[in-house]
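Source file: structure.cif. Holds: mmCIF, C-alpha atoms and all ligand atoms.
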```cif
data_input
loop_
_atom_site.label_atom_id
_atom_site.label_comp_id
_atom_site.auth_asym_id
_atom_site.auth_seq_id
_atom_site.Cartn_x
_atom_site.Cartn_y
_atom_site.Cartn_z
CA MET A 12 76.45 32.44 -6.59
CA GLU A 13 75.84 30.50 -9.77
CA LYS A 14 76.64 27.31 -7.90
CA VAL A 15 74.10 28.15 -5.18
CA LEU A 16 71.46 28.82 -7.82
CA ASN A 17 72.12 25.55 -9.63
CA GLU A 18 71.95 23.73 -6.34
CA ILE A 19 68.58 25.28 -5.62
CA LEU A 20 67.40 24.12 -9.02
CA SER A 21 68.62 20.60 -8.61
CA ASN A 22 67.16 20.33 -5.08
CA ALA A 23 63.82 21.56 -6.36
CA GLN A 24 63.88 19.23 -9.36
CA ASN A 25 64.69 16.33 -7.10
CA GLU A 26 61.83 17.09 -4.78
CA ILE A 27 59.41 17.57 -7.64
CA LYS A 28 60.47 14.30 -9.19
CA ASN A 29 59.83 12.36 -6.01
CA VAL A 30 56.58 13.93 -4.89
CA ASN A 31 53.49 11.77 -5.32
CA ASP A 32 51.01 13.61 -3.12
CA ILE A 33 49.26 16.40 -5.00
CA SER A 34 48.69 18.39 -1.83
CA ARG A 35 52.47 18.75 -1.40
CA ILE A 36 52.89 20.66 -4.70
CA ASP A 37 51.96 23.93 -3.03
CA GLU A 38 54.39 23.31 -0.19
CA ILE A 39 57.21 22.84 -2.66
CA ARG A 40 56.19 25.97 -4.57
CA ILE A 41 56.27 28.03 -1.38
CA LYS A 42 59.57 26.51 -0.34
CA TYR A 43 61.34 27.32 -3.63
CA LEU A 44 59.44 30.24 -5.09
CA GLY A 45 57.72 31.77 -2.07
CA ARG A 46 58.38 35.15 -0.51
CA ASN A 47 60.82 33.72 2.04
CA SER A 48 62.54 31.35 -0.32
CA GLU A 49 66.28 31.42 -0.98
CA LEU A 50 65.65 32.29 -4.61
CA THR A 51 63.52 35.31 -3.75
CA GLU A 52 66.16 36.38 -1.28
CA ILE A 53 68.83 36.24 -3.99
CA LYS A 54 66.63 38.26 -6.36
CA LYS A 55 66.07 40.86 -3.65
CA ASN A 56 69.80 41.24 -3.13
CA LEU A 57 70.67 41.65 -6.83
CA LYS A 58 70.86 45.40 -6.27
CA ASN A 59 74.03 44.89 -4.25
CA LEU A 60 75.83 43.23 -7.16
CA SER A 61 77.82 44.82 -9.95
CA ASN A 62 76.00 45.54 -13.19
CA GLU A 63 77.76 42.69 -14.92
CA GLU A 64 76.84 40.17 -12.23
CA LYS A 65 73.32 41.56 -11.96
CA LYS A 66 72.66 40.61 -15.57
CA ILE A 67 74.04 37.10 -15.38
CA ILE A 68 72.70 36.16 -11.93
CA GLY A 69 69.40 37.96 -12.54
CA SER A 70 68.64 36.09 -15.73
CA LEU A 71 69.84 32.81 -14.27
CA ALA A 72 67.61 33.28 -11.20
CA ASN A 73 64.62 34.11 -13.45
CA ASN A 74 65.25 31.09 -15.63
CA ILE A 75 65.46 28.84 -12.58
CA SER A 76 62.16 30.30 -11.27
CA ASN A 77 60.52 29.59 -14.61
CA VAL A 78 61.84 26.04 -14.80
CA ILE A 79 60.73 25.23 -11.25
CA ASP A 80 57.34 26.79 -11.90
CA SER A 81 56.73 24.89 -15.12
CA GLU A 82 57.94 21.60 -13.66
CA LEU A 83 55.57 22.09 -10.71
CA LYS A 84 52.71 22.64 -13.16
CA ILE A 85 53.58 19.55 -15.15
CA LYS A 86 53.83 17.48 -11.97
CA TYR A 87 50.54 18.86 -10.72
CA ASP A 88 48.76 17.86 -13.95
CA GLU A 89 50.35 14.44 -13.85
CA LEU A 90 49.25 13.76 -10.27
CA TYR A 91 45.81 15.19 -10.94
CA THR A 92 45.26 12.84 -13.86
CA LEU A 93 46.59 9.92 -11.88
CA ASN A 94 44.22 10.65 -8.97
CA LEU A 95 41.28 11.10 -11.30
CA ASN A 96 41.87 7.80 -13.07
CA LYS A 97 42.21 6.01 -9.79
CA LYS A 98 38.95 7.51 -8.55
CA LEU A 99 37.14 6.67 -11.78
CA GLU A 100 38.30 3.11 -11.52
CA GLU A 101 37.28 2.78 -7.89
CA GLU A 102 33.90 4.39 -8.32
CA TYR A 103 33.06 2.61 -11.55
CA ILE A 104 29.34 2.10 -12.00
CA ASP A 105 28.10 -0.46 -14.46
CA ILE A 106 25.15 1.38 -15.89
CA THR A 107 24.11 -1.70 -17.83
CA LEU A 108 23.28 -3.57 -14.59
CA PRO A 109 19.55 -3.87 -13.89
CA GLY A 110 18.29 -1.43 -11.24
CA ILE A 111 17.19 -2.33 -7.75
CA GLY A 112 13.43 -2.69 -8.07
CA ARG A 113 11.08 -1.16 -5.54
CA GLN A 114 8.57 -3.36 -3.80
CA TYR A 115 5.10 -1.97 -4.18
CA GLY A 116 2.37 -2.74 -1.70
CA LYS A 117 -1.14 -3.47 -2.83
CA LEU A 118 -4.62 -3.68 -1.51
CA HIS A 119 -5.62 -6.82 0.34
CA PRO A 120 -7.76 -9.13 -1.85
CA LEU A 121 -10.74 -8.58 0.46
CA THR A 122 -10.38 -4.81 0.16
CA GLN A 123 -10.15 -5.23 -3.62
CA THR A 124 -13.32 -7.35 -3.59
CA ILE A 125 -15.20 -4.86 -1.39
CA ASN A 126 -14.13 -1.99 -3.65
CA GLU A 127 -15.16 -3.88 -6.77
CA ILE A 128 -18.60 -4.80 -5.39
CA THR A 129 -19.42 -1.42 -3.89
CA THR A 130 -18.41 0.22 -7.17
CA ILE A 131 -20.86 -1.99 -9.07
CA PHE A 132 -23.67 -0.86 -6.76
CA GLU A 133 -22.57 2.76 -6.70
CA LYS A 134 -22.92 2.70 -10.49
CA MET A 135 -26.49 1.48 -9.96
CA GLY A 136 -27.13 4.55 -7.82
CA TYR A 137 -26.51 3.17 -4.32
CA SER A 138 -24.82 5.46 -1.77
CA LEU A 139 -21.90 4.09 0.19
CA ILE A 140 -22.53 4.25 3.94
CA LYS A 141 -19.76 5.64 6.16
CA ASP A 142 -18.26 3.43 8.88
CA LYS A 143 -19.73 5.59 11.64
CA ASP A 144 -23.22 4.74 10.37
CA SER A 145 -22.40 1.04 10.32
CA PRO A 146 -20.52 0.25 13.55
CA GLU A 147 -18.90 -3.09 14.31
CA VAL A 148 -19.54 -2.77 18.03
CA GLU A 149 -23.28 -2.52 18.19
CA THR A 150 -26.24 -2.82 20.53
CA GLU A 151 -28.69 -5.69 20.29
CA TYR A 152 -31.26 -3.05 19.48
CA PHE A 153 -29.72 -2.44 16.03
CA ASN A 154 -28.25 -5.89 15.46
CA PHE A 155 -31.43 -7.82 16.41
CA ASP A 156 -34.40 -5.99 17.96
CA MET A 157 -35.28 -3.56 15.19
CA LEU A 158 -34.60 -6.27 12.61
CA ASN A 159 -37.52 -8.27 13.95
CA VAL A 160 -35.30 -10.96 15.40
CA PRO A 161 -37.26 -12.57 18.26
CA LYS A 162 -35.79 -12.50 21.76
CA ASP A 163 -35.40 -16.27 21.73
CA HIS A 164 -33.92 -16.55 18.22
CA PRO A 165 -30.92 -18.93 18.16
CA ALA A 166 -28.74 -16.30 16.43
CA ARG A 167 -28.83 -14.30 19.67
CA ASP A 168 -27.41 -17.22 21.56
CA MET A 169 -23.99 -16.73 23.14
CA GLN A 170 -22.92 -19.72 21.09
CA ASP A 171 -23.43 -17.60 17.96
CA THR A 172 -22.93 -13.98 18.90
CA PHE A 173 -20.04 -12.37 20.77
CA TYR A 174 -21.31 -10.36 23.73
CA THR A 175 -19.05 -7.68 25.16
CA ASN A 176 -18.70 -6.28 28.65
CA VAL A 177 -18.61 -2.73 27.26
CA GLY A 178 -22.22 -2.12 28.26
CA LYS A 179 -25.55 -3.80 28.54
CA ASN A 180 -26.57 -5.58 25.32
CA VAL A 181 -23.46 -4.49 23.43
CA VAL A 182 -22.35 -7.10 20.91
CA LEU A 183 -19.84 -7.47 18.10
CA ARG A 184 -22.31 -7.26 15.26
CA SER A 185 -23.17 -10.61 13.74
CA GLN A 186 -24.35 -9.07 10.46
CA THR A 187 -24.09 -5.79 8.54
CA SER A 188 -27.89 -5.60 8.62
CA ASN A 189 -27.56 -3.16 11.55
CA SER A 190 -26.69 -0.58 8.89
CA GLN A 191 -30.21 -0.98 7.43
CA ILE A 192 -31.74 0.16 10.69
CA ARG A 193 -29.31 3.05 11.04
CA ALA A 194 -30.01 4.12 7.46
CA MET A 195 -33.78 4.12 8.09
CA MET A 196 -33.21 6.02 11.34
CA ASN A 197 -31.09 8.69 9.61
CA LYS A 198 -33.13 9.23 6.47
CA LYS A 199 -36.68 9.11 5.17
CA PRO A 200 -37.37 7.04 2.02
CA PRO A 201 -36.40 6.78 -0.74
CA ILE A 202 -33.33 5.00 0.65
CA LYS A 203 -30.72 3.29 -1.52
CA ILE A 204 -27.58 2.35 0.35
CA ILE A 205 -24.71 -0.10 0.32
CA ALA A 206 -22.73 -0.80 3.52
CA PRO A 207 -19.63 -3.00 3.66
CA GLY A 208 -18.02 -4.07 6.91
CA ARG A 209 -16.71 -6.65 9.32
CA VAL A 210 -18.94 -9.05 11.19
CA TYR A 211 -18.26 -11.54 13.97
CA ARG A 212 -19.68 -14.94 14.81
CA SER A 213 -18.74 -17.37 17.51
CA GLU A 214 -17.98 -20.28 15.21
CA ALA A 215 -15.52 -23.10 14.92
CA VAL A 216 -12.92 -21.98 12.36
CA SER A 217 -12.58 -24.16 9.26
CA ALA A 218 -11.71 -23.92 5.56
CA ARG A 219 -15.15 -22.34 4.91
CA LYS A 220 -15.83 -20.43 8.12
CA ASN A 221 -14.02 -17.87 10.21
CA ASN A 222 -15.28 -16.05 13.27
CA LEU A 223 -14.49 -12.72 11.69
CA PHE A 224 -15.56 -12.09 8.12
CA HIS A 225 -16.93 -9.37 5.87
CA GLN A 226 -20.35 -8.63 4.49
CA ILE A 227 -21.85 -6.04 2.19
CA GLU A 228 -25.35 -4.94 3.01
CA GLY A 229 -27.73 -3.35 0.53
CA LEU A 230 -31.06 -1.68 1.16
CA LEU A 231 -33.51 -0.06 -1.22
CA ILE A 232 -36.79 1.44 -0.05
CA ASP A 233 -39.12 3.30 -2.34
CA THR A 234 -42.65 3.14 -3.69
CA ASN A 235 -43.60 0.15 -5.85
CA ILE A 236 -40.54 -1.96 -5.19
CA THR A 237 -41.15 -5.63 -5.99
CA PHE A 238 -39.43 -8.97 -5.61
CA GLY A 239 -38.78 -8.77 -9.36
CA ASP A 240 -36.68 -5.66 -8.76
CA LEU A 241 -34.64 -7.56 -6.18
CA LYS A 242 -34.08 -10.52 -8.46
CA GLY A 243 -33.18 -8.30 -11.41
CA THR A 244 -30.72 -6.33 -9.28
CA LEU A 245 -28.98 -9.42 -7.92
CA ASN A 246 -28.83 -11.10 -11.33
CA GLU A 247 -27.30 -7.97 -12.78
CA PHE A 248 -24.75 -7.84 -9.98
CA ILE A 249 -23.78 -11.50 -10.45
CA LYS A 250 -23.40 -11.03 -14.18
CA ILE A 251 -21.09 -8.05 -13.71
CA TYR A 252 -19.08 -9.57 -10.87
CA PHE A 253 -18.67 -13.14 -12.18
CA GLY A 254 -19.30 -12.79 -15.89
CA GLU A 255 -22.14 -14.27 -17.92
CA ASP A 256 -21.57 -17.96 -17.50
CA LYS A 257 -21.32 -18.50 -13.76
CA LYS A 258 -23.78 -21.13 -12.51
CA THR A 259 -25.99 -19.64 -9.79
CA ARG A 260 -29.31 -20.49 -8.21
CA PHE A 261 -31.95 -18.56 -6.36
CA ARG A 262 -33.52 -20.46 -3.51
CA SER A 263 -36.23 -19.53 -1.03
CA SER A 264 -35.15 -19.09 2.56
CA PHE A 265 -36.08 -17.40 5.80
CA PHE A 266 -34.80 -14.32 7.61
CA PRO A 267 -36.71 -12.51 10.38
CA PHE A 268 -36.26 -9.15 8.67
CA THR A 269 -37.42 -10.11 5.17
CA GLU A 270 -40.57 -11.66 3.79
CA PRO A 271 -40.33 -13.42 1.42
CA SER A 272 -36.66 -14.30 1.75
CA ALA A 273 -34.19 -15.90 -0.62
CA GLU A 274 -30.61 -17.03 -0.83
CA VAL A 275 -28.27 -17.10 -3.80
CA ASP A 276 -25.88 -20.00 -4.25
CA VAL A 277 -22.95 -20.10 -6.66
CA GLN A 278 -21.59 -23.36 -7.99
CA CYS A 279 -18.41 -24.26 -6.18
CA ILE A 280 -15.46 -23.79 -8.52
CA MET A 281 -13.11 -25.73 -6.28
CA CYS A 282 -14.89 -28.98 -7.24
CA ASN A 283 -17.07 -27.84 -10.18
CA GLY A 284 -20.18 -28.81 -8.26
CA LYS A 285 -19.00 -32.27 -7.34
CA GLY A 286 -18.68 -31.49 -3.64
CA CYS A 287 -15.59 -30.67 -1.55
CA ARG A 288 -14.60 -29.45 1.90
CA VAL A 289 -15.21 -25.81 0.95
CA CYS A 290 -18.84 -26.40 -0.11
CA SER A 291 -19.35 -29.16 2.47
CA GLY A 292 -19.92 -31.64 -0.31
CA LEU A 293 -22.94 -29.71 -1.61
CA GLY A 294 -21.43 -28.47 -4.86
CA TRP A 295 -22.90 -25.01 -4.12
CA LEU A 296 -21.80 -22.17 -1.86
CA GLU A 297 -24.27 -19.68 -0.44
CA VAL A 298 -23.06 -16.15 -1.14
CA LEU A 299 -25.92 -13.95 -0.10
CA GLY A 300 -29.22 -13.64 1.69
CA ALA A 301 -31.92 -11.29 0.53
CA GLY A 302 -35.59 -10.54 0.58
CA MET A 303 -38.37 -7.98 0.73
CA VAL A 304 -38.06 -5.86 3.86
CA ASP A 305 -40.49 -7.25 6.43
CA PRO A 306 -43.36 -4.82 7.14
CA ASN A 307 -42.57 -5.21 10.86
CA VAL A 308 -39.15 -3.65 10.22
CA LEU A 309 -40.72 -0.75 8.31
CA GLU A 310 -43.14 -0.24 11.18
CA ASN A 311 -40.30 -0.33 13.73
CA MET A 312 -38.70 2.50 11.81
CA ASP A 313 -41.90 4.53 11.35
CA ILE A 314 -42.02 4.01 7.61
CA ASP A 315 -45.51 3.78 6.11
CA LYS A 316 -45.69 0.13 5.02
CA ASP A 317 -48.71 0.81 2.82
CA LYS A 318 -46.85 3.46 0.85
CA TYR A 319 -43.34 2.03 0.79
CA SER A 320 -41.77 -1.32 0.18
CA GLY A 321 -38.19 -2.36 -0.27
CA PHE A 322 -35.65 -5.08 -0.57
CA ALA A 323 -32.45 -5.85 1.24
CA PHE A 324 -29.51 -8.15 0.75
CA GLY A 325 -26.38 -9.13 2.61
CA MET A 326 -23.49 -10.83 0.85
CA GLY A 327 -20.41 -12.63 2.11
CA VAL A 328 -17.27 -10.96 0.78
CA GLU A 329 -14.90 -13.86 1.50
CA ARG A 330 -17.17 -16.35 -0.26
CA LEU A 331 -17.46 -14.10 -3.31
CA ALA A 332 -13.70 -13.69 -3.46
CA MET A 333 -13.11 -17.44 -3.01
CA LEU A 334 -15.50 -18.25 -5.84
CA LYS A 335 -13.91 -15.79 -8.18
CA TRP A 336 -10.28 -16.77 -7.60
CA ALA A 337 -10.69 -20.41 -6.56
CA ILE A 338 -9.35 -19.85 -3.04
CA ASP A 339 -10.04 -23.07 -1.19
CA ASP A 340 -9.49 -21.95 2.39
CA ILE A 341 -11.00 -18.83 3.99
CA ARG A 342 -8.14 -18.68 6.52
CA LEU A 343 -5.72 -17.68 3.74
CA PHE A 344 -7.25 -14.19 3.84
CA TYR A 345 -6.11 -13.58 7.41
CA ASN A 346 -2.69 -15.22 7.59
CA ASN A 347 -0.95 -12.36 5.79
CA ASP A 348 1.29 -14.75 3.89
CA ILE A 349 2.93 -12.55 1.30
CA ARG A 350 3.09 -15.44 -1.22
CA PHE A 351 -0.72 -15.57 -1.13
CA LEU A 352 -1.35 -11.82 -1.06
CA LYS A 353 1.05 -11.14 -3.96
CA GLN A 354 -1.20 -13.04 -6.35
CA PHE A 355 -3.97 -10.45 -6.37
N1 LIG B 1 -27.88 -10.74 7.58
C1 LIG B 1 -28.03 -12.03 6.92
C2 LIG B 1 -26.92 -12.96 7.38
O1 LIG B 1 -25.94 -12.50 7.90
C3 LIG B 1 -27.97 -11.89 5.42
C4 LIG B 1 -29.15 -11.15 4.91
C5 LIG B 1 -30.26 -11.81 4.55
C6 LIG B 1 -29.10 -9.78 4.76
C7 LIG B 1 -31.36 -11.15 4.05
C8 LIG B 1 -30.19 -9.11 4.27
C9 LIG B 1 -31.31 -9.81 3.91
O2 LIG B 1 -30.19 -7.79 4.11
O3 LIG B 1 -32.37 -9.13 3.41
O4 LIG B 1 -27.04 -14.13 7.20
#
```
Produce structure tokens that represent the structure in this file.
Ligand code: DAH
Amino acid sequence: MEKVLNEILSNAQNEIKNVNDISRIDEIRIKYLGRNSELTEIKKNLKNLSNEEKKIIGSLANNISNVIDSELKIKYDELYTLNLNKKLEEEYIDITLPGIGRQYGKLHPLTQTINEITTIFEKMGYSLIKDKDSPEVETEYFNFDMLNVPKDHPARDMQDTFYTNVGKNVVLRSQTSNSQIRAMMNKKPPIKIIAPGRVYRSEAVSARKNNLFHQIEGLLIDTNITFGDLKGTLNEFIKIYFGEDKKTRFRSSFFPFTEPSAEVDVQCIMCNGKGCRVCSGLGWLEVLGAGMVDPNVLENMDIDKDKYSGFAFGMGVERLAMLKWAIDDIRLFYNNDIRFLKQF
């Protein structure tokens, strides 16, 4: 019996020594110490032995159980530590490495420019017009007729304006000035609005011209509004947008919907006024048209021209952005080249 017990012990010790899979520890425990193990069987049958033998075999069997149990525990700890170290080594993270940066998107430079300009005017008390009150697909009625543009005006020519087949006289607006008419239609004076948006012209594309571009329209109608108010407003805007020392000039001009009319030029920063392809060799770039609202327009919109007067202006967003950042080709705004867009 003693021999059998010692054999059990040495078999168990052998198996424990050679095991290297932690999940097998339980199997070995069940095999040697479990309910159906040889050792348990021997302990169960102790009652059939003499008192003398019971003592010797009983204590030997218990000792063997204890040894197997403690060797299993030791082996378990050993394998556990081994596994853990292996895992730690494999899943090592160098926390001193720089992180993977996220790419952030940003607003398109034209959107930034529109936001900047409309904010300047909103601070002066102008209300921002919603897109639905300044549509890009427009009738001639709003784009030309009510703005006092004669039926035979060259701007109406198919060479200049995109006509659609959506309906009779439906065009892609050639100017944001349609929003003036819609503002006067929707509200009685005083009116003080700013309306940014896209406009379309059938033009040969070049470094300075694209057939889609953006304008910001302004309109102020109230009592006692003078040309001095217009000039003061535009000067103030230019000072805020460009800073104090930008070279600009105010020049008289003509628009069917304003009388008198003016244009504002900004010195070309691509050539410092010497003349280049962006300013067509002129040294100056026109950035906006403006003037006192023509009494004919007020009359069209049933506004008492003896009581009210007003001024209006329309500025080119691309031009203003180009002159601020020295962008020498308008087409850069539409190519979506990330190397360009990232700079703003
Ligand atoms: N709509 C004109 C254009 O596209 C610009 C303009 C001139 C707008 C005079 C105005 C204005 O509101 O009063 O060339």
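Nearest to Glu270 of chain A of all the residues A:Phe324, A:Trp336, A:Phe248, A:Phe253 is A:Phe324, counting only C-alpha atoms.
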Which residues come within 8 Å of Ala194 of chain A, counting only C-alpha atoms, excluding same-chain residues fewer than 5 positions away, as a tab-separated table (two decimals) with C-alpha atoms, in the frame of the given file?
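around24.tsv, freshly written:
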```tsv
chain	number	residue	atom	x	y	z
A	144	ASP	CA	-23.22	4.74	10.37
A	202	ILE	CA	-33.33	5.00	0.65
A	204	ILE	CA	-27.58	2.35	0.35
```
- Counting only C-alpha atoms and all ligand atoms, what residues are within 7 Å of ligand LIG 1 (chain B), given as a list in words? Ser185, Gln186, Thr187, Ser188, Glu228, Gly229, Leu230, Phe266, Phe268, Thr269, Ser272, Leu299, Gly300, Ala301, Gly302, Met303, Val304, Phe322, Ala323, Phe324, Gly325 and Met326 of chain A
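With only C-alpha atoms as the atoms that count, the minimum distance from Leu44 of chain A to the choices A:Ile314, A:Asn246, A:Leu20, A:Pro271 is reached by A:Leu20.
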- Taking (-37.3, 6.7, 0.5) in the file's own coordinates, collect the residues within 9 Å, counting all atoms listed in the file, and hand them back as a ChimeraX atom specification. /A:195,198-203,231-234,314,319
- Task: Within 7 Å of segment 122-136 of chain A, counting only C-alpha atoms, which residues show up once you throw out same-chain ones fewer than 2 positions away? Write them as number ranges by chain, please.
- Result: A: 118-120, 138, 205, 207, 328, 332
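Shortest atom-to-atom contact with Ile140 of chain A among A:Lys84, A:Ile227, A:Lys335, A:Glu64: A:Ile227, counting all atoms listed in the file.
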- Atom pair atom CA of Cys282 of chain A / atom CA of Gly294 of chain A: separation (Å): 7.0 Å
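Atom CA of Ile111 of chain A to atom CA of Asn347 of chain A spans 24.8 Å [interatomic distance, one decimal].
Of the listed residues A:Met312, A:Leu121, A:Leu57, A:Ile79, the one whose atoms come nearest to Arg193 of chain A is A:Met312, with distances taken using all atoms listed in the file.
Atom CA of Ile280 of chain A lies 24.9 Å from atom CA of Val210 of chain A.
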- Message: Can you pull out the residues contacting Ser145 of chain A? Cut-off 7 Å, using only C-alpha atoms, and skip same-chain residues under 3 positions away; I want them as a VMD selection string.
- Response: chain A and resid 141 to 142 189 to 190
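Here the question is which of A:Asn74, A:Ser320, A:Asn31, A:Ser263 gets nearest to Pro306 of chain A using only C-alpha atoms, and that residue is A:Ser320.
Nearest residue to Asn197 of chain A, choosing from A:Asp313, A:Ile349, A:Ile27, A:Gln354 and counting all atoms listed in the file: A:Asp313.
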- Item | Residues near Gln278 of chain A, cut-off 9 Å, all atoms listed in the file, skip fewer than 3 positions along chain, as a ChimeraX atom specification | /A:257-260,281-284,290,294-297,334
Can you spit out the residues from that selection as a short mmCIF file (atom, residue, chain, number, x, y, z; two decimals), in the frame of the given file, using C-alpha atoms?
```
data_model
loop_
_atom_site.label_atom_id
_atom_site.label_comp_id
_atom_site.auth_asym_id
_atom_site.auth_seq_id
_atom_site.Cartn_x
_atom_site.Cartn_y
_atom_site.Cartn_z
CA LYS A 257 -21.32 -18.50 -13.76
CA LYS A 258 -23.78 -21.13 -12.51
CA THR A 259 -25.99 -19.64 -9.79
CA ARG A 260 -29.31 -20.49 -8.21
CA MET A 281 -13.11 -25.73 -6.28
CA CYS A 282 -14.89 -28.98 -7.24
CA ASN A 283 -17.07 -27.84 -10.18
CA GLY A 284 -20.18 -28.81 -8.26
CA CYS A 290 -18.84 -26.40 -0.11
CA GLY A 294 -21.43 -28.47 -4.86
CA TRP A 295 -22.90 -25.01 -4.12
CA LEU A 296 -21.80 -22.17 -1.86
CA GLU A 297 -24.27 -19.68 -0.44
CA LEU A 334 -15.50 -18.25 -5.84
#
```
How would segment 272-278 of chain A read, as a short mmCIF file (atom, residue, chain, number, x, y, z; two decimals), keeping the file's coordinate frame, once all heavy atoms are built in?
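The new file rebuild_11.cif reads:
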```
data_model
loop_
_atom_site.label_atom_id
_atom_site.label_comp_id
_atom_site.auth_asym_id
_atom_site.auth_seq_id
_atom_site.Cartn_x
_atom_site.Cartn_y
_atom_site.Cartn_z
N SER A 272 -38.12 -14.34 1.70
CA SER A 272 -36.66 -14.30 1.75
C SER A 272 -36.07 -15.30 0.75
O SER A 272 -36.74 -16.27 0.37
CB SER A 272 -36.16 -14.69 3.14
OG SER A 272 -36.72 -13.86 4.12
N ALA A 273 -34.85 -15.01 0.35
CA ALA A 273 -34.19 -15.90 -0.62
C ALA A 273 -32.70 -15.96 -0.33
O ALA A 273 -32.16 -15.11 0.38
CB ALA A 273 -34.43 -15.38 -2.03
N GLU A 274 -32.07 -16.95 -0.90
CA GLU A 274 -30.61 -17.03 -0.83
C GLU A 274 -30.09 -17.30 -2.24
O GLU A 274 -30.78 -17.93 -3.05
CB GLU A 274 -30.15 -18.13 0.12
CG GLU A 274 -30.24 -17.70 1.58
CD GLU A 274 -29.80 -18.79 2.53
OE1 GLU A 274 -30.22 -19.94 2.39
OE2 GLU A 274 -29.03 -18.48 3.44
N VAL A 275 -28.89 -16.82 -2.50
CA VAL A 275 -28.27 -17.10 -3.80
C VAL A 275 -27.06 -18.00 -3.56
O VAL A 275 -26.23 -17.71 -2.70
CB VAL A 275 -27.85 -15.80 -4.52
CG1 VAL A 275 -27.02 -16.12 -5.76
CG2 VAL A 275 -29.07 -14.97 -4.90
N ASP A 276 -27.03 -19.10 -4.30
CA ASP A 276 -25.88 -20.00 -4.25
C ASP A 276 -25.10 -19.88 -5.56
O ASP A 276 -25.69 -19.64 -6.61
CB ASP A 276 -26.33 -21.47 -4.13
CG ASP A 276 -27.08 -21.74 -2.84
OD1 ASP A 276 -26.92 -20.96 -1.89
OD2 ASP A 276 -27.84 -22.74 -2.81
N VAL A 277 -23.80 -20.07 -5.46
CA VAL A 277 -22.95 -20.10 -6.66
C VAL A 277 -22.29 -21.47 -6.70
O VAL A 277 -21.86 -21.98 -5.67
CB VAL A 277 -21.89 -18.98 -6.62
CG1 VAL A 277 -20.93 -19.09 -7.79
CG2 VAL A 277 -22.56 -17.61 -6.62
N GLN A 278 -22.22 -22.04 -7.89
CA GLN A 278 -21.59 -23.36 -7.99
C GLN A 278 -20.13 -23.28 -7.55
O GLN A 278 -19.41 -22.36 -7.92
CB GLN A 278 -21.67 -23.89 -9.43
CG GLN A 278 -21.39 -25.40 -9.46
CD GLN A 278 -21.53 -25.98 -10.84
OE1 GLN A 278 -20.76 -25.64 -11.74
NE2 GLN A 278 -22.52 -26.84 -11.03
#
```
